[in-house]
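> Here's a structure for you.
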Amino acid sequence: MEPREKAAGLPESAGVYLFKDAAGAVLYVGKAGSLRSRVRSYFLESRWMDAKTGSLVREIADLETIVVDNEREALALENNLIKRYHPKFNVLLRDDKTYPYIKFTAAEKYPRVYFTRRIKKDGSLYFGPYFPAGLARRILHFIHKRFLVPSCTVDLTRNHPRPCLQYYIKRCQGPCVAGLTTDEQYAEAARDARMFLEGRRHDLIKSLEARMAGAAEQELFEQAAAYRDLLRTLEDIEERQRIAAAQGDDTDVFAYYAEPPLVSANLFHLRGGRVVDRREFYWEDLEEFDPHEFVPSLLKQFYLEAEYLPKAIHVPIDFEDRALLEEALTEQAGHKVEIFTPQRGSKRAFLDLVENNAKHSFEQRFRVLKPSSKAIGEAVQNALNLLEEPRRIDSFDISHMQGTDTVASMVVWEDGRMKKSEYRKFIIRGDEGNGASGGTLPVLRQNDDFASMREAVTRRYRRVLEEKRPMPSLILIDGGIGQLHAAAQALESLQIINQPMASIAKKEEILYILGQEDEPCVLERHSPVLHLIQQIRDETHRFAVSFHRQRRGKRQTKSALSDISGVGPRTIQKLLREFGSIANLRRAGREKLSRVVTPKVADAILAHLEAEVAAEQRK
């Protein structure tokens with residue numbers, strides 16, 4: 001049955017409709033109070049004047065509908081299906097990692113805390129969102145420092161020979177090493193951190209007061225003083241939050257700037273009457289831009305599954321589903337949520353400010369204005385979930401020709417520029433098989449990229465440890481998950497843990513972050529983060545390839561000269577230093593060669609090279 005005929009037989013009920021192409025892929029997901037009326041309207045010739053509708057209808061080969069009880073249910077189902085199928089004719093929220101959360105791994109024996117932008121059903125507890133993102137990181141820092149609960153990636157199901165730096169600077173109790181703490185002590189710290197994150201500050205303060213009194217009675221004065229300091233900090237936080245809550249309602253302000261198909265949007269978060277954060281979003285493929293579809297589509301994707309909702313949302317235009325969306329968000333939040341389009345006064349002025357910021361974001365992203373090194377650093381920090389803004393990135397690549405002359409390169413990006421004085425070359429020897437800990441890394445085969453990467457990373461950071469130099473903010477690996485894990489194994493063999501590391505796949509330009517491999521980071525092609533990572537990766541590859549060519553050329557030159565009578569290893573080295581290649585030797589002539597070797601040897605070299613050329617021509 002043709003889609004037009006199917007549409008005529010649909011019920012007059014609320015529901016969701018899915019348009020599909022000939023291959024069964026979902027083209028568009030929409031909702032309707034009356035499925036029959038809405039779906040039939042797409043096949044009216046009068047609507048084909050709209051370029052987007054005309055393009056959609058031409059591709060529709062089938063349709064599917066889901067009937068629900070009311071429009072509120074249709075609204076929620078539409079949002080879920082859009083996120084599930086990513087239809088090409090819907091407006092899609094490009095960055096679903098926008099909001100920062102703190103993850104508490106409650107299901108682990110030794111719970112830990114992490115910064116994350118994605119909520120998963122993995123048994124952990126998620127707290128947030130936090131505005132700005134720096135607030136989440138400050139809270140994590142506070143938990144590390146005061147409760148000694150870490151954010152590490154160490155396997156705590158087995159014992160390790162020694163703890164990492166976090167233990168020595170008193171930001172972790174060291175549950176990874178037997179005897180440094182007890183299960184009871186760690187459980188108490190984790191329980192305190194959880195109460196803090198849950199906002200149960202009053203209960204936590206009472207508990208700490210009781211423990212402080214108990215420690216004082218037992219004359220454990222150092223422990224009592226630690227409880228006292230923590231109590232003072234918590235009471236100060238409580239007071240500051242009370243002041244902020246009295247300053248005004250929470251409001252989000254959304255605006256956009258469009259030059260189709262390019263669109264940018266800004267979302268400002270006001271908490272307690274103050275701007276606490278700003279988010280930027282970009283689209284590159286909205287050929288037919290319709291604000292009345294764009295705004296409600298994004299609001300649904302922003303808020304229908306949000307953990308926290310403000311009391312007011314300000315947008316630049318009114319739209320059809322505003323009242324329905326307000327009702328759904330109010331029920332979800334447990335308090336009144338209103339969507340306004342301010343027309344005058346201070347609220348309109350602030351909306352205009354957000355629109356100006358959206359235009360500025362557009363200029364920066366799409367007019368190719370070079371962002372500052374600090375802005376790029378912050379963007380890298382957010383995209384890769386780093387605890388700190390990166391100051392130094394070490395990048396590695398492997399180069400070989402069918403497994404021969406294998407070499408590795410390391411280049412360095414530091415403080416916004418490539419630092420060539422820190423570049424390093426590695427001739428892969430294949431003798432790093434047992435790593436630094438005398439243990440488990442497999443012996444290298446010449447064409448084994450993974451083992452080559454392990455050897456290069458092991459040699460580099462063993463040297464760093466010996467010289468007591470700091471580790472980089474990020475280690476970047478040119479390759480996929482296999483190369484990333486090979487580098488991680490090298491660091492583990494050196495007992496280096498909690499080191500931020502990522503890899504970039506060559507063709508797909510996908511970033512894999514160590515510890516988050518199941519959530520690869522796909523960046524838009526205009527993203528300054530992607531441009532920086534590509535720049536570093538390409539420079540690493542260039543450096544590796546040039547070193548490999550140099551090595552291969554020297555080997556070939558040695559091979560070509562080693563059969564000549566009277567030319568030994570020392571003479572070959574002198575010729576290589578002076579001329580560099582066989583081609584240069586041929587061009588040099590007898591006079592220049594005679595300055596390095598005797599005329600007799602020069603004649604022998606030239607005769608041998610001419611004979612090789614003649615033999616090649618006869619083939």
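In the structure tokens, chains take the letters A, B, ... in the order shown, each chain's residues start at 1, and ligands count up from 1 in the order shown.
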Can you pull out the residues contacting A:Ala488? Cut-off 8 Å, using only C-alpha atoms, and skip same-chain residues under 3 positions away; I want them as a list in words.

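Using only C-alpha atoms, the neighbours found are Leu484, His485, Leu491, Glu492, Met501 and Leu514 of chain A.
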
> Taking N, CA and C atoms for each residue, export the selection above as a PDB file, in the first residue's frame.


ATOM      1  N   LEU A 484      45.855   2.378  21.316  1.00  0.00           N
ATOM      2  CA  LEU A 484      45.607   3.037  22.607  1.00  0.00           C
ATOM      3  C   LEU A 484      45.875   2.079  23.753  1.00  0.00           C
ATOM      4  N   HIS A 485      45.370   0.856  23.649  1.00  0.00           N
ATOM      5  CA  HIS A 485      45.558  -0.115  24.725  1.00  0.00           C
ATOM      6  C   HIS A 485      47.018  -0.560  24.824  1.00  0.00           C
ATOM      7  N   LEU A 491      52.380   2.040  29.963  1.00  0.00           N
ATOM      8  CA  LEU A 491      52.363   2.858  31.180  1.00  0.00           C
ATOM      9  C   LEU A 491      52.119   2.004  32.416  1.00  0.00           C
ATOM     10  N   GLU A 492      51.233   1.014  32.282  1.00  0.00           N
ATOM     11  CA  GLU A 492      50.961   0.144  33.436  1.00  0.00           C
ATOM     12  C   GLU A 492      52.211  -0.628  33.830  1.00  0.00           C
ATOM     13  N   MET A 501      44.804   9.747  28.382  1.00  0.00           N
ATOM     14  CA  MET A 501      45.322   9.237  27.115  1.00  0.00           C
ATOM     15  C   MET A 501      44.164   9.076  26.136  1.00  0.00           C
ATOM     16  N   LEU A 514      40.869   6.773  26.821  1.00  0.00           N
ATOM     17  CA  LEU A 514      41.152   5.643  27.694  1.00  0.00           C
ATOM     18  C   LEU A 514      40.177   5.632  28.877  1.00  0.00           C
TER      19      LEU A 514
END

> Within stretch 276-517 of chain A, find each residue whose DSSP state, derived from the backbone, is helix (DSSP H, G or I), and express the selection as a count of residues only.

92

> Find the residues around A:Gly123 up to 9 Å (only C-alpha atoms counted), leave out those fewer than 6 positions away in its own chain, and share them as JSON, numbers by chain.

{"A": [105, 106, 107]}

> Could you give me, as a VMD selection string, each residue of stretch 349-544 of chain A that DSSP assigns to strand (DSSP E) when run on this structure's backbone?

chain A and resid 392 to 401 404 to 414 417 to 418 424 to 427 474 to 478 501 to 504 510 to 513 521 to 522

> Could you list, as a short mmCIF file (atom, residue, chain, number, x, y, z; two decimals) with N, CA, C and O atoms, in the first residue's frame, every residue within 7 Å of A:Arg279, counting only C-alpha atoms and ignoring same-chain residues fewer than 2 positions away?


data_model
loop_
_atom_site.label_atom_id
_atom_site.label_comp_id
_atom_site.auth_asym_id
_atom_site.auth_seq_id
_atom_site.Cartn_x
_atom_site.Cartn_y
_atom_site.Cartn_z
N ASN A 266 23.18 29.46 21.36
CA ASN A 266 23.73 29.65 22.71
C ASN A 266 22.66 29.39 23.75
O ASN A 266 21.49 29.77 23.54
N LEU A 267 23.06 28.78 24.83
CA LEU A 267 22.16 28.55 25.97
C LEU A 267 22.86 29.08 27.21
O LEU A 267 23.93 28.58 27.59
N PHE A 268 22.28 30.11 27.82
CA PHE A 268 22.82 30.69 29.05
C PHE A 268 22.05 30.15 30.24
O PHE A 268 20.81 30.10 30.21
N ASP A 277 26.81 29.75 33.57
CA ASP A 277 27.39 28.94 32.50
C ASP A 277 26.78 29.31 31.17
O ASP A 277 25.69 29.88 31.10
N PHE A 281 26.31 25.48 20.59
CA PHE A 281 25.97 24.34 19.75
C PHE A 281 26.00 24.77 18.29
O PHE A 281 25.70 25.92 17.96
#

> Could you list, as a list in words, every residue within 8 Å of A:Arg454, counting only C-alpha atoms and ignoring same-chain residues fewer than 2 positions away?

Phe450, Ala451, Ser452, Ala456, Val457, Thr458, Ala486, Ala487, Gln489 and Ala490 of chain A

> Could you save those same residues with N, CA and C atoms as a PDB file, in the first residue's frame?


ATOM      1  N   PHE A 450      51.399  -2.696  17.435  1.00  0.00           N
ATOM      2  CA  PHE A 450      51.037  -2.579  18.853  1.00  0.00           C
ATOM      3  C   PHE A 450      52.288  -2.702  19.727  1.00  0.00           C
ATOM      4  N   ALA A 451      53.118  -3.723  19.460  1.00  0.00           N
ATOM      5  CA  ALA A 451      54.334  -3.901  20.249  1.00  0.00           C
ATOM      6  C   ALA A 451      55.304  -2.750  20.027  1.00  0.00           C
ATOM      7  N   SER A 452      55.331  -2.216  18.793  1.00  0.00           N
ATOM      8  CA  SER A 452      56.194  -1.058  18.522  1.00  0.00           C
ATOM      9  C   SER A 452      55.751   0.144  19.348  1.00  0.00           C
ATOM     10  N   ALA A 456      57.960   2.174  22.221  1.00  0.00           N
ATOM     11  CA  ALA A 456      58.234   3.613  22.181  1.00  0.00           C
ATOM     12  C   ALA A 456      57.734   4.304  23.439  1.00  0.00           C
ATOM     13  N   VAL A 457      56.513   3.982  23.853  1.00  0.00           N
ATOM     14  CA  VAL A 457      55.937   4.632  25.041  1.00  0.00           C
ATOM     15  C   VAL A 457      56.695   4.210  26.299  1.00  0.00           C
ATOM     16  N   THR A 458      57.058   2.938  26.387  1.00  0.00           N
ATOM     17  CA  THR A 458      57.825   2.465  27.543  1.00  0.00           C
ATOM     18  C   THR A 458      59.152   3.201  27.650  1.00  0.00           C
ATOM     19  N   ALA A 486      47.719  -0.616  23.687  1.00  0.00           N
ATOM     20  CA  ALA A 486      49.143  -0.956  23.733  1.00  0.00           C
ATOM     21  C   ALA A 486      49.921   0.093  24.524  1.00  0.00           C
ATOM     22  N   ALA A 487      49.618   1.366  24.276  1.00  0.00           N
ATOM     23  CA  ALA A 487      50.281   2.443  25.021  1.00  0.00           C
ATOM     24  C   ALA A 487      49.918   2.394  26.497  1.00  0.00           C
ATOM     25  N   GLN A 489      49.161  -0.278  28.216  1.00  0.00           N
ATOM     26  CA  GLN A 489      49.903  -1.389  28.811  1.00  0.00           C
ATOM     27  C   GLN A 489      51.337  -0.978  29.138  1.00  0.00           C
ATOM     28  N   ALA A 490      51.921  -0.165  28.260  1.00  0.00           N
ATOM     29  CA  ALA A 490      53.285   0.304  28.511  1.00  0.00           C
ATOM     30  C   ALA A 490      53.346   1.140  29.791  1.00  0.00           C
TER      31      ALA A 490
END

> For atom CA of A:Tyr257 and atom CA of A:His360, quote the distance in Å rounded to one decimal.

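Those two atoms sit 8.9 Å apart.
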
> Would you pick out the contacts of A:Thr251 at 12 Å or less, using only C-alpha atoms, so that residues sharing its chain but fewer than 2 positions from it are not included, and give the list as a PyMOL selection string?

chain A and resi 248-249+253-254+267-277+308-315+337-340+347+350-351

> Pick out the closest residue to A:Thr116 from this set: A:Gln185, A:Ser207, A:Gln173, A:Asn385. Count only C-alpha atoms.

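Looking only at the distances to A:Thr116, the closest residue turns out to be A:Asn385.
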